[in-house]
Amino acid sequence: MAVSAPQQNVVGDAVASLAYEALEISKSFGGAKALDGVSVDFRPGEIHTLVGENGAGKSTLLRVMSGIYERDGGELRLGGESLERLTPREAQHRGIYLVPQEPTLMPHLSALENLFVGIIPRGRLPFTVDWKRMRESAGDYFAQLGLAIDPRQRAETLSIAQQQQLECARALVHNCSVIFFDEPTSPLTAHEAEMLFALMRRLRERNFTLGFISHRLDEVLELSDRITVLRDARVVATMDAADASRELLVNEMVGHQVTIQRRHARAAQSDDVALSVQQLQREGEFHNISFEVHRGEVLGLAGLVGSGRTEIAETIFGLRHAEAGRITLEGHQLVRHSPRSCIDRGLIYLSEDRGRNGIFADVQLPENVSSAIVPRLPRLRGLLNRRVEQRLAGEAMERTQVRALRRDVPIRSLSGGNQQKALFARWLLAEPKVAIFDEPTRGVDVGAKADIYALIDGLARDGVAIIVISSELEELTWICDRVIAVYEGHVTGELSGEQITVAALGRLIVEEGGA
Ligand SMILES: Nc1ncnc2c1ncn2[C@@H]1O[C@H](COP(=O)(O)OP(=O)(O)OP(=O)(O)O)[C@@H](O)[C@H]1O
Ligand SMILES: [Mg+2]
């Protein structure tokens with residue numbers, strides 16, 4: 001496993017960072033409160049983490065504190081100084097940076113250009129750019145985060161995890177000393193998350209003021225100095241991490257305990273092959289990929305960021321085209337297939353990248369949910385029956401417990417975890433025969449996670465063949481009957497039933513053959 005040594009030149013001397021306090025902040029959207037008198041203080045040399053259910057107000061608070069949203073009331077105090085109107089520009093000028101929950105890169109620019117947007121170093125001659133210096137320092141930041149990409153690569157070709165890592169690198173490049181990380185780890189595997197944490201710890205040693213959001217409570221407990229729990233727009237507790245436990249946090253967040261149990265292997269598994277993939281290949285992405293999924297089976301696909309797991313899924317769903325190999329769905333070979341033709345045949349794909357392959361950001365929530373089944377909805381003289389559409393979408397959103405302040409809003413205004421639940425609802429409505437779920441619980445809170453596992457289990461019991469791709473190895477141990485591991489575009493091994501453990505999976509995804 002190639003892990004680069006930390007490089008001193010990037011995270012060097014201590015900085016003179018400032019405490020940043022939010023006092024009694026309130027913020028409403030269309031009359032509904034997203035923040036209701038919230039006070040949280042972030043101190044230098046400390047990692048202070050916000051936890052809470054989807055929609056609790058975590059991102060809204062950090063957006064207010066970084067000038068993206070204007071607050072309705074309350075005060076922001078940086079190093080004792082009260083900040084009046086705060087714009088994103090003013091925030092950055094004062095050294096405050098937010099790594100957003102959803103990456104906001106410019107798709108057509110290179111990774112390098114994205115990294116330096118707004119602060120491109122000048123060359124020695126007027127109107128020139130110091131590309132060499134940019135490339136060198138980019139290489140340092142990328143190495144620290146374990147981001148193995150070519151800086152010249154266009155941002156649109158990066159996976160969601162790579163985009164997220166690039167956003168983190170950007171925080172450093174901008175030379176800010178108050179840095180907020182809004183769920184940076186949700187698309188990362190434990191290995192990549194560890195690299196980010198190592199970096200955050202070095203920043204803490206250097207006296208940076210750090211804020212963090214995550215739904216993965218184990219990492220929250222491991223990394224944080226203090227933890228604040230938000231619930232329904234209010235702070236319900238702030239505590240030292242040393243005094244916190246998983247049970248305590250869950251109780252404060254949800255109000256009761258949540259236990260997630262391993263899925264029971266069903267006695268008689270079907271021999272019917274629902275999807276078969278034979279010797280699939282795309283140069284530079286994956287080679288000789290062969291596997292089958294049976295009706296009623298949950299097959300996991302494990303691998304590091306960049307291992308090819310998402311590329312394989314996108315190829316099956318017709319978003320990319322294979323150079324060689326064969327895909328057979330319920331006995332029919334898929335030839336020159338598109339996402340549309342896949343959906344019509346009962347194959348669906350929940351993408352890891354909501355922004356790119358998932359939501360129609362500006363379309364209303366119910367229409368987003370019903371979008372996959374529009375051709376199947378009842379019509380009267382060619383016109384869509386909107387009432388049926390709304391009812392079906394509403395029922396599906398009940399099943400996945402989508403929470404929004406209102407339903408008649410564009411989906412982009414939902415909290416991250418609720419967008420994910422809405423997408424899940426969409427694919428339930430499509431009544432798939434084969435479902436590929438790429439990071440099905442990305443950004444979803446502990447309670448809703450258990451619900452999504454139950455939904456996946458229910459689908460499998462109804463005979464749906466399911467492929468789950470996940471960065472969280474623990475998730476795979478809970479829900480899969482069988483897992484295949486991918487490393488650098490090759491299948492490195494397969495585990496089934498009781499063999500599926502975090503340790504065994506961990507070995508398979510980082511080393512060829514899992515030595
Ligand atoms: N721009 C907006 N327009 C309308 N409502 C919004 C907007 N931004 C946030 N909200 C609402 O405010 C509430 C809090 O959302 P927020 O994104 O802060 O939640 P969160 O705690 O970050 O959740 P998650 O864990 O899902 O990311 C949600 O109900 C959300 O729908
Ligand atoms: Mg959020």
# chains A, B, ... in the order shown; residues from 1 in each chain; ligands from 1
$ residues_near_ligand --ligand "ligand 2" --cutoff "7 Å" --atoms "only C-alpha atoms and all ligand atoms" --output "NGL selection string"
:A and (54-55 or 58-59 or 101 or 182 or 415-417)
$ write_last_selection --atoms "C-alpha atoms" --output "compact mmCIF listing (two decimals), in the first residue's frame"
# COMPACT_ATOMS: atom_id res chain seq x y z
CA ASN A 54 -30.82 14.70 8.69
CA GLY A 55 -32.35 18.15 8.53
CA LYS A 58 -25.93 21.38 10.84
CA SER A 59 -25.11 22.53 7.31
CA GLN A 101 -21.27 18.86 1.87
CA ASP A 182 -19.25 19.42 6.21
CA SER A 415 -30.76 18.59 3.58
CA GLY A 416 -28.17 16.22 2.11
CA GLY A 417 -29.44 13.11 3.83
$ residues_around --residues "A:Ile47" --least-positions-apart "2" --cutoff "8 Å" --atoms "only C-alpha atoms" --output "PDB file with N, CA and C atoms, in the first residue's frame"
ATOM      1  N   PHE A  42     -16.361  27.681  18.347  1.00  0.00           N
ATOM      2  CA  PHE A  42     -15.247  26.908  17.793  1.00  0.00           C
ATOM      3  C   PHE A  42     -13.957  27.569  18.274  1.00  0.00           C
ATOM      4  N   ARG A  43     -13.048  26.765  18.851  1.00  0.00           N
ATOM      5  CA  ARG A  43     -11.837  27.347  19.451  1.00  0.00           C
ATOM      6  C   ARG A  43     -10.579  26.893  18.721  1.00  0.00           C
ATOM      7  N   GLY A  45      -7.063  25.258  17.922  1.00  0.00           N
ATOM      8  CA  GLY A  45      -6.408  24.056  18.434  1.00  0.00           C
ATOM      9  C   GLY A  45      -7.394  22.984  18.841  1.00  0.00           C
ATOM     10  N   THR A  49     -17.169  19.049  16.674  1.00  0.00           N
ATOM     11  CA  THR A  49     -18.009  18.343  15.711  1.00  0.00           C
ATOM     12  C   THR A  49     -19.487  18.568  15.968  1.00  0.00           C
ATOM     13  N   ARG A 204      -4.763  20.798  13.711  1.00  0.00           N
ATOM     14  CA  ARG A 204      -5.101  21.094  15.105  1.00  0.00           C
ATOM     15  C   ARG A 204      -3.839  21.419  15.900  1.00  0.00           C
ATOM     16  N   THR A 209      -8.573  26.479  13.867  1.00  0.00           N
ATOM     17  CA  THR A 209      -9.899  26.326  14.461  1.00  0.00           C
ATOM     18  C   THR A 209     -10.710  25.453  13.511  1.00  0.00           C
ATOM     19  N   LEU A 210     -11.115  24.272  13.977  1.00  0.00           N
ATOM     20  CA  LEU A 210     -11.678  23.293  13.050  1.00  0.00           C
ATOM     21  C   LEU A 210     -13.082  22.853  13.439  1.00  0.00           C
ATOM     22  N   GLY A 211     -13.970  22.853  12.447  1.00  0.00           N
ATOM     23  CA  GLY A 211     -15.327  22.348  12.645  1.00  0.00           C
ATOM     24  C   GLY A 211     -15.542  21.159  11.739  1.00  0.00           C
ATOM     25  N   PHE A 212     -16.354  20.210  12.185  1.00  0.00           N
ATOM     26  CA  PHE A 212     -16.491  18.950  11.453  1.00  0.00           C
ATOM     27  C   PHE A 212     -17.940  18.482  11.588  1.00  0.00           C
ATOM     28  N   LEU A 223     -12.097  11.461  16.592  1.00  0.00           N
ATOM     29  CA  LEU A 223     -11.406  12.655  16.108  1.00  0.00           C
ATOM     30  C   LEU A 223     -11.670  13.907  16.944  1.00  0.00           C
ATOM     31  N   SER A 224     -12.877  14.008  17.523  1.00  0.00           N
ATOM     32  CA  SER A 224     -13.306  15.293  18.083  1.00  0.00           C
ATOM     33  C   SER A 224     -12.707  15.583  19.449  1.00  0.00           C
ATOM     34  N   ASP A 225     -12.626  16.891  19.756  1.00  0.00           N
ATOM     35  CA  ASP A 225     -12.349  17.309  21.123  1.00  0.00           C
ATOM     36  C   ASP A 225     -13.663  17.601  21.834  1.00  0.00           C
ATOM     37  N   ARG A 226     -14.551  18.305  21.130  1.00  0.00           N
ATOM     38  CA  ARG A 226     -15.881  18.545  21.689  1.00  0.00           C
ATOM     39  C   ARG A 226     -16.929  18.208  20.632  1.00  0.00           C
TER      40      ARG A 226
END
$ select_by_dssp --residues "stretch 5-215 of chain A" --states "strand (DSSP E or B)" --output "compact mmCIF listing (two decimals) with C-alpha atoms, in the first residue's frame"
# COMPACT_ATOMS: atom_id res chain seq x y z
CA TYR A 20 -15.25 31.78 16.21
CA GLU A 21 -18.58 31.91 18.01
CA ALA A 22 -22.17 31.67 16.89
CA LEU A 23 -24.54 33.26 19.42
CA GLU A 24 -28.29 32.65 19.35
CA ILE A 25 -28.34 32.27 15.58
CA SER A 26 -31.72 31.88 13.92
CA LYS A 27 -32.58 31.17 10.32
CA SER A 28 -35.88 30.29 8.63
CA PHE A 29 -36.80 29.16 5.15
CA ALA A 32 -40.02 27.15 8.86
CA LYS A 33 -37.12 27.31 11.29
CA ALA A 34 -33.85 25.64 10.29
CA LEU A 35 -31.96 27.24 13.20
CA ASP A 36 -33.66 28.42 16.36
CA GLY A 37 -31.35 30.30 18.72
CA VAL A 38 -28.26 28.17 18.11
CA SER A 39 -25.03 28.94 20.00
CA VAL A 40 -21.81 27.05 19.26
CA ASP A 41 -18.22 28.17 19.75
CA PHE A 42 -15.25 26.91 17.79
CA GLU A 46 -9.65 22.11 18.68
CA ILE A 47 -11.88 19.95 16.49
CA HIS A 48 -15.49 20.67 17.34
CA THR A 49 -18.01 18.34 15.71
CA LEU A 50 -21.69 18.84 14.97
CA VAL A 51 -23.92 15.79 14.93
CA GLY A 73 -30.94 36.92 14.00
CA GLY A 74 -28.10 36.36 16.42
CA GLU A 75 -24.45 37.30 16.37
CA LEU A 76 -21.21 35.95 14.89
CA ARG A 77 -18.03 36.78 16.80
CA LEU A 78 -14.56 36.15 15.41
CA GLU A 81 -15.05 41.00 17.10
CA SER A 82 -18.69 41.03 16.06
CA LEU A 83 -19.15 40.39 12.34
CA ILE A 96 -12.96 31.27 7.25
CA TYR A 97 -13.42 28.39 4.81
CA LEU A 98 -16.21 25.84 4.39
CA VAL A 99 -15.58 22.52 2.65
CA SER A 110 -8.72 20.74 -14.36
CA ARG A 122 1.33 34.84 -10.86
CA VAL A 129 0.58 31.96 -14.38
CA ARG A 154 -10.83 17.54 -15.66
CA VAL A 178 -10.88 28.56 10.50
CA ILE A 179 -11.91 25.52 8.47
CA PHE A 180 -15.27 23.78 8.52
CA PHE A 181 -15.61 20.31 7.00
CA ASP A 182 -19.25 19.42 6.21
CA THR A 209 -9.90 26.33 14.46
CA LEU A 210 -11.68 23.29 13.05
CA GLY A 211 -15.33 22.35 12.64
CA PHE A 212 -16.49 18.95 11.45
CA ILE A 213 -19.78 17.21 10.60
$ closest_residue --among "A:Leu301, A:Phe360, A:Gly296, A:Asn368" --to "A:Val491" --atoms "only C-alpha atoms"
A:Leu301
$ closest_atom_pairs --of "stretch 293-338 of chain A" --to "stretch 453-468 of chain A" --cutoff "6 Å" --atoms "only C-alpha atoms" --output "Markdown table"
| residue | atom | partner | partner_atom | distance |
| --- | --- | --- | --- | --- |
| A:His294 | CA | A:Ala465 | CA | 5.7 |
| A:Arg295 | CA | A:Ala465 | CA | 4.5 |
| A:Gly296 | CA | A:Gly463 | CA | 4.0 |
| A:Glu297 | CA | A:Ala465 | CA | 5.2 |
| A:Val298 | CA | A:Ile466 | CA | 4.7 |
| A:Leu299 | CA | A:Ile467 | CA | 4.8 |
| A:Gly300 | CA | A:Val468 | CA | 4.7 |
$ closest_residue --among "A:Leu495, A:Ala143, A:Leu405, A:Met134" --to "ligand 1" --atoms "only C-alpha atoms and all ligand atoms"
A:Leu405
